[in-house]
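J.: Sharing final.cif here; it has mmCIF, N, CA and C atoms.
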```cif
data_upload
#
loop_
_atom_site.label_atom_id
_atom_site.label_comp_id
_atom_site.auth_asym_id
_atom_site.auth_seq_id
_atom_site.Cartn_x
_atom_site.Cartn_y
_atom_site.Cartn_z
N MET Q 30 -107.24 -197.07 -189.00
CA MET Q 30 -107.13 -198.07 -187.97
C MET Q 30 -107.58 -199.46 -188.45
N GLU Q 31 -108.44 -199.45 -189.46
CA GLU Q 31 -108.99 -200.72 -189.90
C GLU Q 31 -107.92 -201.71 -190.37
N PRO Q 32 -106.90 -201.29 -191.13
CA PRO Q 32 -105.87 -202.26 -191.52
C PRO Q 32 -105.15 -202.89 -190.32
N SER Q 33 -104.90 -202.12 -189.28
CA SER Q 33 -104.24 -202.67 -188.08
C SER Q 33 -105.14 -203.68 -187.37
N LEU Q 34 -106.44 -203.44 -187.42
CA LEU Q 34 -107.38 -204.33 -186.73
C LEU Q 34 -107.66 -205.61 -187.53
N GLU Q 35 -107.39 -205.57 -188.83
CA GLU Q 35 -107.68 -206.72 -189.69
C GLU Q 35 -106.96 -207.99 -189.24
N ARG Q 36 -105.78 -207.85 -188.65
CA ARG Q 36 -105.05 -209.05 -188.21
C ARG Q 36 -105.74 -209.74 -187.04
N TYR Q 37 -106.65 -209.04 -186.36
CA TYR Q 37 -107.37 -209.62 -185.22
C TYR Q 37 -108.81 -210.00 -185.55
N ILE Q 38 -109.44 -209.21 -186.42
CA ILE Q 38 -110.85 -209.43 -186.74
C ILE Q 38 -110.99 -209.49 -188.26
N ASN Q 39 -111.38 -210.65 -188.78
CA ASN Q 39 -111.48 -210.86 -190.22
C ASN Q 39 -112.67 -210.15 -190.86
N GLU Q 40 -113.79 -210.13 -190.17
CA GLU Q 40 -115.04 -209.65 -190.76
C GLU Q 40 -115.07 -208.12 -190.81
N PRO Q 41 -115.13 -207.53 -192.03
CA PRO Q 41 -115.06 -206.08 -192.17
C PRO Q 41 -116.15 -205.32 -191.42
N GLY Q 42 -117.36 -205.83 -191.43
CA GLY Q 42 -118.45 -205.14 -190.73
C GLY Q 42 -118.21 -205.07 -189.23
N LEU Q 43 -117.74 -206.15 -188.65
CA LEU Q 43 -117.45 -206.17 -187.22
C LEU Q 43 -116.29 -205.23 -186.90
N ARG Q 44 -115.28 -205.21 -187.77
CA ARG Q 44 -114.15 -204.30 -187.57
C ARG Q 44 -114.62 -202.85 -187.54
N ARG Q 45 -115.41 -202.47 -188.51
CA ARG Q 45 -115.89 -201.09 -188.59
C ARG Q 45 -116.76 -200.75 -187.39
N GLU Q 46 -117.62 -201.67 -186.99
CA GLU Q 46 -118.49 -201.42 -185.83
C GLU Q 46 -117.67 -201.29 -184.55
N LEU Q 47 -116.68 -202.15 -184.38
CA LEU Q 47 -115.83 -202.06 -183.19
C LEU Q 47 -115.09 -200.72 -183.17
N LEU Q 48 -114.54 -200.31 -184.29
CA LEU Q 48 -113.84 -199.02 -184.34
C LEU Q 48 -114.78 -197.87 -184.04
N ARG Q 49 -115.99 -197.95 -184.56
CA ARG Q 49 -116.99 -196.90 -184.30
C ARG Q 49 -117.31 -196.84 -182.81
N ARG Q 50 -117.52 -198.00 -182.21
CA ARG Q 50 -117.86 -198.06 -180.78
C ARG Q 50 -116.69 -197.63 -179.90
N VAL Q 51 -115.49 -198.06 -180.26
CA VAL Q 51 -114.31 -197.64 -179.48
C VAL Q 51 -114.19 -196.12 -179.55
N TYR Q 52 -114.34 -195.55 -180.72
CA TYR Q 52 -114.26 -194.10 -180.85
C TYR Q 52 -115.31 -193.43 -179.97
N HIS Q 53 -116.52 -193.92 -180.02
CA HIS Q 53 -117.63 -193.34 -179.23
C HIS Q 53 -117.35 -193.42 -177.73
N GLU Q 54 -117.04 -194.62 -177.25
CA GLU Q 54 -116.84 -194.80 -175.80
C GLU Q 54 -115.59 -194.07 -175.31
N ALA Q 55 -114.52 -194.11 -176.07
CA ALA Q 55 -113.29 -193.42 -175.67
C ALA Q 55 -113.54 -191.91 -175.61
N THR Q 56 -114.21 -191.38 -176.61
CA THR Q 56 -114.50 -189.95 -176.64
C THR Q 56 -115.37 -189.55 -175.46
N LEU Q 57 -116.40 -190.34 -175.16
CA LEU Q 57 -117.24 -190.05 -173.99
C LEU Q 57 -116.43 -189.99 -172.71
N ALA Q 58 -115.43 -190.86 -172.60
CA ALA Q 58 -114.62 -190.94 -171.39
C ALA Q 58 -113.42 -189.99 -171.42
N GLY Q 59 -113.24 -189.27 -172.52
CA GLY Q 59 -112.12 -188.34 -172.63
C GLY Q 59 -110.79 -189.03 -172.87
N LEU Q 60 -110.83 -190.18 -173.52
CA LEU Q 60 -109.62 -190.96 -173.79
C LEU Q 60 -109.30 -190.96 -175.29
N PRO Q 61 -108.03 -191.08 -175.65
CA PRO Q 61 -107.70 -191.26 -177.07
C PRO Q 61 -108.17 -192.65 -177.52
N PRO Q 62 -108.96 -192.73 -178.57
CA PRO Q 62 -109.42 -194.04 -179.05
C PRO Q 62 -108.26 -194.99 -179.35
N GLU Q 63 -107.15 -194.46 -179.85
CA GLU Q 63 -106.00 -195.31 -180.17
C GLU Q 63 -105.42 -195.96 -178.91
N LEU Q 64 -105.47 -195.25 -177.80
CA LEU Q 64 -105.01 -195.82 -176.52
C LEU Q 64 -105.91 -196.97 -176.11
N VAL Q 65 -107.21 -196.80 -176.28
CA VAL Q 65 -108.16 -197.87 -175.94
C VAL Q 65 -107.91 -199.09 -176.82
N LEU Q 66 -107.65 -198.87 -178.10
CA LEU Q 66 -107.34 -200.00 -178.99
C LEU Q 66 -106.07 -200.72 -178.53
N ALA Q 67 -105.06 -199.99 -178.12
CA ALA Q 67 -103.82 -200.61 -177.63
C ALA Q 67 -104.09 -201.41 -176.37
N LEU Q 68 -104.90 -200.87 -175.47
CA LEU Q 68 -105.23 -201.59 -174.24
C LEU Q 68 -105.97 -202.89 -174.56
N ILE Q 69 -106.92 -202.83 -175.48
CA ILE Q 69 -107.65 -204.03 -175.88
C ILE Q 69 -106.70 -205.06 -176.49
N GLN Q 70 -105.79 -204.60 -177.33
CA GLN Q 70 -104.82 -205.52 -177.94
C GLN Q 70 -104.05 -206.26 -176.85
N VAL Q 71 -103.57 -205.54 -175.85
CA VAL Q 71 -102.78 -206.15 -174.79
C VAL Q 71 -103.64 -207.03 -173.89
N GLU Q 72 -104.83 -206.56 -173.56
CA GLU Q 72 -105.69 -207.29 -172.61
C GLU Q 72 -106.28 -208.57 -173.19
N SER Q 73 -106.83 -208.49 -174.39
CA SER Q 73 -107.59 -209.64 -174.90
C SER Q 73 -107.26 -210.03 -176.34
N ALA Q 74 -106.37 -209.29 -176.98
CA ALA Q 74 -106.09 -209.50 -178.40
C ALA Q 74 -107.39 -209.48 -179.22
N PHE Q 75 -108.33 -208.61 -178.78
CA PHE Q 75 -109.61 -208.40 -179.45
C PHE Q 75 -110.51 -209.63 -179.43
N ARG Q 76 -110.32 -210.53 -178.47
CA ARG Q 76 -111.20 -211.69 -178.32
C ARG Q 76 -112.37 -211.29 -177.41
N ILE Q 77 -113.54 -211.20 -177.99
CA ILE Q 77 -114.74 -210.75 -177.28
C ILE Q 77 -115.05 -211.65 -176.10
N GLU Q 78 -114.84 -212.93 -176.24
CA GLU Q 78 -115.20 -213.90 -175.19
C GLU Q 78 -114.05 -214.21 -174.22
N ALA Q 79 -112.99 -213.45 -174.27
CA ALA Q 79 -111.82 -213.72 -173.40
C ALA Q 79 -112.20 -213.67 -171.92
N VAL Q 80 -111.68 -214.63 -171.17
CA VAL Q 80 -111.82 -214.66 -169.71
C VAL Q 80 -110.46 -215.06 -169.15
N SER Q 81 -109.93 -214.22 -168.26
CA SER Q 81 -108.61 -214.50 -167.70
C SER Q 81 -108.70 -215.49 -166.55
N SER Q 82 -107.56 -215.99 -166.14
CA SER Q 82 -107.52 -216.91 -165.00
C SER Q 82 -107.97 -216.22 -163.72
N ALA Q 83 -107.86 -214.89 -163.67
CA ALA Q 83 -108.31 -214.13 -162.49
C ALA Q 83 -109.81 -213.81 -162.55
N GLY Q 84 -110.44 -214.12 -163.70
CA GLY Q 84 -111.87 -213.88 -163.84
C GLY Q 84 -112.23 -212.61 -164.60
N ALA Q 85 -111.25 -211.90 -165.13
CA ALA Q 85 -111.53 -210.70 -165.92
C ALA Q 85 -112.17 -211.12 -167.25
N VAL Q 86 -113.10 -210.31 -167.73
CA VAL Q 86 -113.97 -210.71 -168.83
C VAL Q 86 -113.91 -209.72 -170.00
N GLY Q 87 -113.95 -210.28 -171.21
CA GLY Q 87 -114.20 -209.51 -172.42
C GLY Q 87 -113.02 -208.76 -173.00
N LEU Q 88 -113.35 -207.90 -173.95
CA LEU Q 88 -112.35 -207.15 -174.70
C LEU Q 88 -111.38 -206.40 -173.79
N MET Q 89 -111.92 -205.71 -172.79
CA MET Q 89 -111.09 -204.88 -171.93
C MET Q 89 -110.79 -205.55 -170.59
N GLN Q 90 -111.14 -206.83 -170.49
CA GLN Q 90 -110.82 -207.64 -169.30
C GLN Q 90 -111.28 -206.96 -168.00
N ILE Q 91 -112.59 -206.85 -167.88
CA ILE Q 91 -113.21 -206.21 -166.72
C ILE Q 91 -113.46 -207.24 -165.63
N MET Q 92 -113.05 -206.90 -164.42
CA MET Q 92 -113.33 -207.77 -163.28
C MET Q 92 -114.80 -207.60 -162.89
N PRO Q 93 -115.47 -208.71 -162.58
CA PRO Q 93 -116.91 -208.66 -162.28
C PRO Q 93 -117.30 -207.74 -161.12
N PHE Q 94 -116.41 -207.46 -160.17
CA PHE Q 94 -116.78 -206.59 -159.06
C PHE Q 94 -117.16 -205.18 -159.54
N TRP Q 95 -116.70 -204.81 -160.74
CA TRP Q 95 -117.04 -203.49 -161.26
C TRP Q 95 -118.53 -203.33 -161.52
N ILE Q 96 -119.25 -204.42 -161.71
CA ILE Q 96 -120.71 -204.31 -161.89
C ILE Q 96 -121.33 -203.66 -160.66
N ARG Q 97 -120.89 -204.07 -159.45
CA ARG Q 97 -121.40 -203.45 -158.21
C ARG Q 97 -121.03 -201.97 -158.16
N GLU Q 98 -119.84 -201.64 -158.63
CA GLU Q 98 -119.35 -200.27 -158.53
C GLU Q 98 -119.98 -199.32 -159.56
N LEU Q 99 -120.21 -199.82 -160.77
CA LEU Q 99 -120.61 -198.94 -161.87
C LEU Q 99 -121.97 -199.23 -162.48
N GLY Q 100 -122.46 -200.43 -162.32
CA GLY Q 100 -123.59 -200.80 -163.17
C GLY Q 100 -124.78 -201.38 -162.46
N LEU Q 101 -125.39 -202.31 -163.16
CA LEU Q 101 -126.59 -202.99 -162.71
C LEU Q 101 -126.35 -204.49 -162.69
N PRO Q 102 -127.00 -205.21 -161.79
CA PRO Q 102 -126.77 -206.66 -161.72
C PRO Q 102 -126.97 -207.39 -163.05
N ALA Q 103 -127.82 -206.85 -163.92
CA ALA Q 103 -128.10 -207.51 -165.20
C ALA Q 103 -127.03 -207.24 -166.25
N ASP Q 104 -126.07 -206.37 -165.96
CA ASP Q 104 -125.03 -206.05 -166.95
C ASP Q 104 -124.22 -207.30 -167.29
N ASP Q 105 -124.02 -207.50 -168.59
CA ASP Q 105 -123.27 -208.65 -169.09
C ASP Q 105 -121.92 -208.16 -169.62
N LEU Q 106 -120.87 -208.46 -168.89
CA LEU Q 106 -119.55 -207.99 -169.28
C LEU Q 106 -119.03 -208.67 -170.55
N LYS Q 107 -119.67 -209.75 -170.97
CA LYS Q 107 -119.28 -210.39 -172.24
C LYS Q 107 -119.86 -209.65 -173.44
N ASP Q 108 -120.83 -208.78 -173.19
CA ASP Q 108 -121.35 -207.94 -174.27
C ASP Q 108 -120.25 -206.94 -174.62
N PRO Q 109 -119.72 -207.00 -175.84
CA PRO Q 109 -118.55 -206.16 -176.15
C PRO Q 109 -118.80 -204.67 -175.98
N TRP Q 110 -120.02 -204.21 -176.27
CA TRP Q 110 -120.28 -202.77 -176.18
C TRP Q 110 -120.40 -202.34 -174.72
N ARG Q 111 -120.98 -203.18 -173.88
CA ARG Q 111 -121.04 -202.90 -172.45
C ARG Q 111 -119.63 -202.96 -171.86
N ASN Q 112 -118.84 -203.92 -172.32
CA ASN Q 112 -117.47 -204.08 -171.85
C ASN Q 112 -116.65 -202.83 -172.18
N LEU Q 113 -116.82 -202.30 -173.38
CA LEU Q 113 -116.12 -201.07 -173.76
C LEU Q 113 -116.52 -199.91 -172.87
N ARG Q 114 -117.80 -199.80 -172.56
CA ARG Q 114 -118.27 -198.71 -171.70
C ARG Q 114 -117.61 -198.81 -170.32
N TYR Q 115 -117.61 -200.01 -169.76
CA TYR Q 115 -116.98 -200.21 -168.45
C TYR Q 115 -115.48 -199.90 -168.52
N GLY Q 116 -114.79 -200.48 -169.48
CA GLY Q 116 -113.34 -200.32 -169.56
C GLY Q 116 -112.92 -198.87 -169.72
N CYS Q 117 -113.60 -198.14 -170.59
CA CYS Q 117 -113.25 -196.73 -170.79
C CYS Q 117 -113.56 -195.92 -169.53
N THR Q 118 -114.66 -196.22 -168.88
CA THR Q 118 -115.02 -195.52 -167.64
C THR Q 118 -113.99 -195.79 -166.55
N ILE Q 119 -113.58 -197.04 -166.43
CA ILE Q 119 -112.59 -197.42 -165.41
C ILE Q 119 -111.24 -196.73 -165.69
N LEU Q 120 -110.78 -196.77 -166.93
CA LEU Q 120 -109.50 -196.15 -167.24
C LEU Q 120 -109.57 -194.63 -167.00
N ALA Q 121 -110.67 -193.99 -167.39
CA ALA Q 121 -110.82 -192.55 -167.13
C ALA Q 121 -110.81 -192.27 -165.63
N HIS Q 122 -111.45 -193.13 -164.85
CA HIS Q 122 -111.44 -192.99 -163.38
C HIS Q 122 -110.02 -193.07 -162.85
N TYR Q 123 -109.27 -194.06 -163.30
CA TYR Q 123 -107.90 -194.20 -162.82
C TYR Q 123 -107.01 -193.03 -163.26
N LEU Q 124 -107.26 -192.49 -164.43
CA LEU Q 124 -106.51 -191.31 -164.85
C LEU Q 124 -106.80 -190.13 -163.93
N ALA Q 125 -108.06 -190.00 -163.52
CA ALA Q 125 -108.42 -188.92 -162.59
C ALA Q 125 -107.76 -189.15 -161.23
N VAL Q 126 -107.81 -190.39 -160.73
CA VAL Q 126 -107.19 -190.72 -159.45
C VAL Q 126 -105.70 -190.42 -159.47
N GLU Q 127 -105.06 -190.68 -160.61
CA GLU Q 127 -103.61 -190.49 -160.74
C GLU Q 127 -103.25 -189.13 -161.33
N ASN Q 128 -104.20 -188.19 -161.30
CA ASN Q 128 -103.94 -186.83 -161.76
C ASN Q 128 -103.34 -186.79 -163.17
N GLY Q 129 -103.85 -187.63 -164.05
CA GLY Q 129 -103.43 -187.63 -165.44
C GLY Q 129 -102.17 -188.44 -165.74
N ASP Q 130 -101.61 -189.10 -164.75
CA ASP Q 130 -100.40 -189.91 -164.97
C ASP Q 130 -100.81 -191.22 -165.65
N LEU Q 131 -100.54 -191.31 -166.93
CA LEU Q 131 -100.97 -192.46 -167.72
C LEU Q 131 -100.31 -193.75 -167.27
N THR Q 132 -99.03 -193.69 -166.92
CA THR Q 132 -98.32 -194.90 -166.48
C THR Q 132 -98.99 -195.47 -165.23
N ASP Q 133 -99.24 -194.63 -164.24
CA ASP Q 133 -99.86 -195.13 -163.01
C ASP Q 133 -101.31 -195.54 -163.23
N ALA Q 134 -102.03 -194.82 -164.10
CA ALA Q 134 -103.43 -195.19 -164.38
C ALA Q 134 -103.49 -196.57 -165.05
N LEU Q 135 -102.60 -196.81 -166.02
CA LEU Q 135 -102.58 -198.12 -166.68
C LEU Q 135 -102.17 -199.22 -165.70
N ALA Q 136 -101.23 -198.93 -164.83
CA ALA Q 136 -100.83 -199.92 -163.83
C ALA Q 136 -101.99 -200.24 -162.90
N ARG Q 137 -102.75 -199.24 -162.50
CA ARG Q 137 -103.95 -199.50 -161.67
C ARG Q 137 -104.96 -200.35 -162.44
N TYR Q 138 -105.15 -200.01 -163.71
CA TYR Q 138 -106.11 -200.75 -164.53
C TYR Q 138 -105.77 -202.24 -164.52
N ASN Q 139 -104.50 -202.53 -164.59
CA ASN Q 139 -104.02 -203.91 -164.64
C ASN Q 139 -103.85 -204.53 -163.26
N GLY Q 140 -103.93 -203.72 -162.22
CA GLY Q 140 -103.72 -204.24 -160.87
C GLY Q 140 -102.24 -204.40 -160.54
N SER Q 141 -101.40 -203.64 -161.22
CA SER Q 141 -99.95 -203.76 -161.00
C SER Q 141 -99.33 -202.42 -160.64
N LEU Q 142 -100.04 -201.62 -159.86
CA LEU Q 142 -99.54 -200.30 -159.48
C LEU Q 142 -98.15 -200.42 -158.86
N GLY Q 143 -97.27 -199.54 -159.27
CA GLY Q 143 -95.90 -199.58 -158.78
C GLY Q 143 -94.96 -200.31 -159.72
N LYS Q 144 -95.52 -200.98 -160.71
CA LYS Q 144 -94.70 -201.69 -161.71
C LYS Q 144 -94.97 -201.05 -163.07
N THR Q 145 -94.00 -201.13 -163.94
CA THR Q 145 -94.15 -200.46 -165.24
C THR Q 145 -94.28 -201.40 -166.43
N TRP Q 146 -94.16 -202.69 -166.22
CA TRP Q 146 -94.18 -203.61 -167.37
C TRP Q 146 -95.48 -203.52 -168.16
N TYR Q 147 -96.61 -203.43 -167.47
CA TYR Q 147 -97.90 -203.39 -168.17
C TYR Q 147 -98.09 -202.06 -168.91
N PRO Q 148 -97.92 -200.92 -168.25
CA PRO Q 148 -98.04 -199.66 -169.00
C PRO Q 148 -97.10 -199.61 -170.20
N GLU Q 149 -95.91 -200.13 -170.05
CA GLU Q 149 -94.96 -200.13 -171.17
C GLU Q 149 -95.49 -200.97 -172.33
N ARG Q 150 -96.11 -202.10 -172.03
CA ARG Q 150 -96.69 -202.94 -173.11
C ARG Q 150 -97.79 -202.19 -173.84
N VAL Q 151 -98.68 -201.55 -173.09
CA VAL Q 151 -99.79 -200.82 -173.71
C VAL Q 151 -99.25 -199.66 -174.55
N MET Q 152 -98.32 -198.91 -173.99
CA MET Q 152 -97.79 -197.76 -174.73
C MET Q 152 -97.01 -198.19 -175.97
N ARG Q 153 -96.32 -199.31 -175.87
CA ARG Q 153 -95.60 -199.84 -177.04
C ARG Q 153 -96.60 -200.24 -178.13
N ALA Q 154 -97.68 -200.92 -177.75
CA ALA Q 154 -98.72 -201.30 -178.72
C ALA Q 154 -99.36 -200.05 -179.33
N TRP Q 155 -99.61 -199.05 -178.51
CA TRP Q 155 -100.20 -197.80 -178.98
C TRP Q 155 -99.29 -197.17 -180.03
N GLN Q 156 -98.02 -197.09 -179.70
CA GLN Q 156 -97.05 -196.47 -180.61
C GLN Q 156 -96.88 -197.25 -181.91
N ARG Q 157 -96.76 -198.57 -181.81
CA ARG Q 157 -96.45 -199.40 -182.98
C ARG Q 157 -97.64 -199.65 -183.89
N HIS Q 158 -98.84 -199.74 -183.33
CA HIS Q 158 -99.97 -200.22 -184.13
C HIS Q 158 -101.13 -199.25 -184.29
N TRP Q 159 -101.31 -198.30 -183.37
CA TRP Q 159 -102.55 -197.56 -183.35
C TRP Q 159 -102.41 -196.06 -183.59
N ARG Q 160 -101.23 -195.53 -183.48
CA ARG Q 160 -101.06 -194.10 -183.79
C ARG Q 160 -100.99 -193.93 -185.30
N PRO Q 161 -101.48 -192.82 -185.81
CA PRO Q 161 -101.33 -192.57 -187.24
C PRO Q 161 -99.86 -192.62 -187.63
N ALA Q 162 -99.58 -193.09 -188.81
CA ALA Q 162 -98.19 -193.30 -189.26
C ALA Q 162 -97.34 -192.04 -189.10
N GLU Q 163 -97.92 -190.88 -189.37
CA GLU Q 163 -97.12 -189.65 -189.27
C GLU Q 163 -96.76 -189.29 -187.82
N GLU Q 164 -97.45 -189.89 -186.84
CA GLU Q 164 -97.14 -189.62 -185.43
C GLU Q 164 -96.24 -190.68 -184.81
N ARG Q 165 -96.01 -191.78 -185.50
CA ARG Q 165 -95.18 -192.84 -184.92
C ARG Q 165 -93.74 -192.41 -184.85
N LEU Q 166 -93.12 -192.77 -183.74
CA LEU Q 166 -91.70 -192.46 -183.57
C LEU Q 166 -90.87 -193.41 -184.42
N THR Q 167 -89.79 -192.89 -184.93
CA THR Q 167 -88.86 -193.76 -185.65
C THR Q 167 -87.64 -193.96 -184.78
N VAL Q 168 -87.12 -195.15 -184.80
CA VAL Q 168 -85.92 -195.49 -184.04
C VAL Q 168 -84.77 -195.53 -185.00
N ARG Q 169 -83.75 -194.76 -184.70
CA ARG Q 169 -82.55 -194.75 -185.55
C ARG Q 169 -81.50 -195.63 -184.95
N ARG Q 170 -80.79 -196.33 -185.78
CA ARG Q 170 -79.71 -197.22 -185.31
C ARG Q 170 -78.38 -196.70 -185.74
#
```
Represent the structure from my file as structure tokens, please.
T.:
Amino acid sequence: MEPSLERYINEPGLRRELLRRVYHEATLAGLPPELVLALIQVESAFRIEAVSSAGAVGLMQIMPFWIRELGLPADDLKDPWRNLRYGCTILAHYLAVENGDLTDALARYNGSLGKTWYPERVMRAWQRHWRPAEERLTVRR
């Protein structure tokens, strides 16, 4: 995964630490780490300090109201490791709510339930950049 992440994060130590943390948090939440990497790519392009126009924060673009739902008032969503914990927990929650339907869970994560453009973007990124080469689908023309 490190070569794919190099285009977003230049510093090797930070890349390795991010991959280690993504693996840890995704595994705790029962998610494929590669899916989490694809979601981060789509949400923030791996920019730790990203803030959307809607107010979503960090790598996984967490809305601040989730602090009331999941955490403590002192939680800092700009902390990348805390942001990963929240994002993986939220996605796992939505997967449970949607009975394992990844498309609907991703749409909920993005706030676009009923639409498929966002899940398609995440799944495309997952397929193209984060799955091991031997698992990637090939398109024949």
J.: For the file shown, report as a list in words the outcome of the PyMOL selection byres ((chain Q and resi 42-51) around 8) at residue level.
T.: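 When the PyMOL selection byres ((chain Q and resi 42-51) around 8) is applied to the shown file, the picked residues are Met30, Glu31, Leu34, Glu35, Ile38, Asn39, Glu40, Pro41, Tyr52, His53, Glu54, Ala55, Thr56, Leu57, Pro61, Pro62, Glu63, Val65, Leu66, Trp110, Leu113 and Arg114 of chain Q.
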J.: Go through Q:Ala83, Q:Leu68, Q:Ala58, Q:Leu106 and flag the residue nearest Q:Trp155, using only N, CA and C atoms for the distances.
T.: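 Checking each of Q:Ala83, Q:Leu68, Q:Ala58, Q:Leu106 against Q:Trp155, counting only N, CA and C atoms, the winner is Q:Leu68.
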J.: Can you work out which one of Q:Lys107, Q:Arg76, Q:Arg150, Q:His122 has the shortest atom-to-atom distance to Q:Met92, counting only C-alpha atoms?
T.: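 Between Q:Lys107, Q:Arg76, Q:Arg150, Q:His122, the residue approaching Q:Met92 most closely is Q:Lys107.
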J.: With 12 Å as the cut-off and only C-alpha atoms counted, what is the closest atom pair between each nearby residue of stretch 68-116 of chain Q and stretch 126-138 of chain Q? Distances in Å to one decimal, ordered by chain and number, as JSON lines.
T.:
```
{"residue": "Q:Leu68", "atom": "CA", "partner": "Q:Leu135", "partner_atom": "CA", "distance": 8.7}
{"residue": "Q:Ile69", "atom": "CA", "partner": "Q:Tyr138", "partner_atom": "CA", "distance": 11.9}
{"residue": "Q:Val71", "atom": "CA", "partner": "Q:Leu135", "partner_atom": "CA", "distance": 11.4}
{"residue": "Q:Glu72", "atom": "CA", "partner": "Q:Tyr138", "partner_atom": "CA", "distance": 10.4}
{"residue": "Q:Ala85", "atom": "CA", "partner": "Q:Tyr138", "partner_atom": "CA", "distance": 11.4}
{"residue": "Q:Met89", "atom": "CA", "partner": "Q:Tyr138", "partner_atom": "CA", "distance": 9.8}
{"residue": "Q:Gln90", "atom": "CA", "partner": "Q:Tyr138", "partner_atom": "CA", "distance": 9.6}
{"residue": "Q:Ile91", "atom": "CA", "partner": "Q:Tyr138", "partner_atom": "CA", "distance": 9.2}
{"residue": "Q:Met92", "atom": "CA", "partner": "Q:Tyr138", "partner_atom": "CA", "distance": 10.1}
{"residue": "Q:Trp95", "atom": "CA", "partner": "Q:Tyr138", "partner_atom": "CA", "distance": 11.7}
{"residue": "Q:Tyr115", "atom": "CA", "partner": "Q:Tyr138", "partner_atom": "CA", "distance": 11.6}
{"residue": "Q:Gly116", "atom": "CA", "partner": "Q:Tyr138", "partner_atom": "CA", "distance": 8.8}
```
J.: Select, from Q:Asp108, Q:Tyr37, Q:Leu64, Q:Gly59, the residue with the minimum atom-to-atom distance to Q:Ala121, counting only C-alpha atoms.
T.: Q:Gly59
J.: Have a look at Q:Ile96, Q:Ala79, Q:Ala67, Q:Val86 and name the one nearest to Q:Tyr147; count only C-alpha atoms.
T.: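 Among the listed residues, the smallest separation from Q:Tyr147 belongs to Q:Ala67.
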J.: Would you work out the distance separating atom N of Q:Ser73 from atom C of Q:Leu88, expressed in Å to one decimal?
T.: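 Here the two named atoms are 5.0 Å from each other.
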J.: Please complete stretch 103-114 of chain Q with N, CA, C and O atoms and give it back as a PDB file, in the frame of the given file.
T.:
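This went into result14.pdb:
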```pdb
ATOM      1  N   ALA Q 103    -127.820-206.850-163.920  1.00  0.00           N
ATOM      2  CA  ALA Q 103    -128.100-207.510-165.200  1.00  0.00           C
ATOM      3  C   ALA Q 103    -127.030-207.240-166.250  1.00  0.00           C
ATOM      4  O   ALA Q 103    -127.064-207.826-167.324  1.00  0.00           O
ATOM      5  N   ASP Q 104    -126.070-206.370-165.960  1.00  0.00           N
ATOM      6  CA  ASP Q 104    -125.030-206.050-166.950  1.00  0.00           C
ATOM      7  C   ASP Q 104    -124.220-207.300-167.290  1.00  0.00           C
ATOM      8  O   ASP Q 104    -123.786-208.035-166.410  1.00  0.00           O
ATOM      9  N   ASP Q 105    -124.020-207.500-168.590  1.00  0.00           N
ATOM     10  CA  ASP Q 105    -123.270-208.650-169.090  1.00  0.00           C
ATOM     11  C   ASP Q 105    -121.920-208.160-169.620  1.00  0.00           C
ATOM     12  O   ASP Q 105    -121.855-207.508-170.657  1.00  0.00           O
ATOM     13  N   LEU Q 106    -120.870-208.460-168.890  1.00  0.00           N
ATOM     14  CA  LEU Q 106    -119.550-207.990-169.280  1.00  0.00           C
ATOM     15  C   LEU Q 106    -119.030-208.670-170.550  1.00  0.00           C
ATOM     16  O   LEU Q 106    -118.056-208.205-171.140  1.00  0.00           O
ATOM     17  N   LYS Q 107    -119.670-209.750-170.970  1.00  0.00           N
ATOM     18  CA  LYS Q 107    -119.280-210.390-172.240  1.00  0.00           C
ATOM     19  C   LYS Q 107    -119.860-209.650-173.440  1.00  0.00           C
ATOM     20  O   LYS Q 107    -119.429-209.870-174.561  1.00  0.00           O
ATOM     21  N   ASP Q 108    -120.830-208.780-173.190  1.00  0.00           N
ATOM     22  CA  ASP Q 108    -121.350-207.940-174.270  1.00  0.00           C
ATOM     23  C   ASP Q 108    -120.250-206.940-174.620  1.00  0.00           C
ATOM     24  O   ASP Q 108    -119.845-206.136-173.778  1.00  0.00           O
ATOM     25  N   PRO Q 109    -119.720-207.000-175.840  1.00  0.00           N
ATOM     26  CA  PRO Q 109    -118.550-206.160-176.150  1.00  0.00           C
ATOM     27  C   PRO Q 109    -118.800-204.670-175.980  1.00  0.00           C
ATOM     28  O   PRO Q 109    -117.910-203.936-175.581  1.00  0.00           O
ATOM     29  N   TRP Q 110    -120.020-204.210-176.270  1.00  0.00           N
ATOM     30  CA  TRP Q 110    -120.280-202.770-176.180  1.00  0.00           C
ATOM     31  C   TRP Q 110    -120.400-202.340-174.720  1.00  0.00           C
ATOM     32  O   TRP Q 110    -119.916-201.276-174.361  1.00  0.00           O
ATOM     33  N   ARG Q 111    -120.980-203.180-173.880  1.00  0.00           N
ATOM     34  CA  ARG Q 111    -121.040-202.900-172.450  1.00  0.00           C
ATOM     35  C   ARG Q 111    -119.630-202.960-171.860  1.00  0.00           C
ATOM     36  O   ARG Q 111    -119.252-202.150-171.026  1.00  0.00           O
ATOM     37  N   ASN Q 112    -118.840-203.920-172.320  1.00  0.00           N
ATOM     38  CA  ASN Q 112    -117.470-204.080-171.850  1.00  0.00           C
ATOM     39  C   ASN Q 112    -116.650-202.830-172.180  1.00  0.00           C
ATOM     40  O   ASN Q 112    -115.870-202.348-171.344  1.00  0.00           O
ATOM     41  N   LEU Q 113    -116.820-202.300-173.380  1.00  0.00           N
ATOM     42  CA  LEU Q 113    -116.120-201.070-173.760  1.00  0.00           C
ATOM     43  C   LEU Q 113    -116.520-199.910-172.870  1.00  0.00           C
ATOM     44  O   LEU Q 113    -115.669-199.118-172.452  1.00  0.00           O
ATOM     45  N   ARG Q 114    -117.800-199.800-172.560  1.00  0.00           N
ATOM     46  CA  ARG Q 114    -118.270-198.710-171.700  1.00  0.00           C
ATOM     47  C   ARG Q 114    -117.610-198.810-170.320  1.00  0.00           C
ATOM     48  O   ARG Q 114    -117.095-197.836-169.793  1.00  0.00           O
TER      49      ARG Q 114
END
```
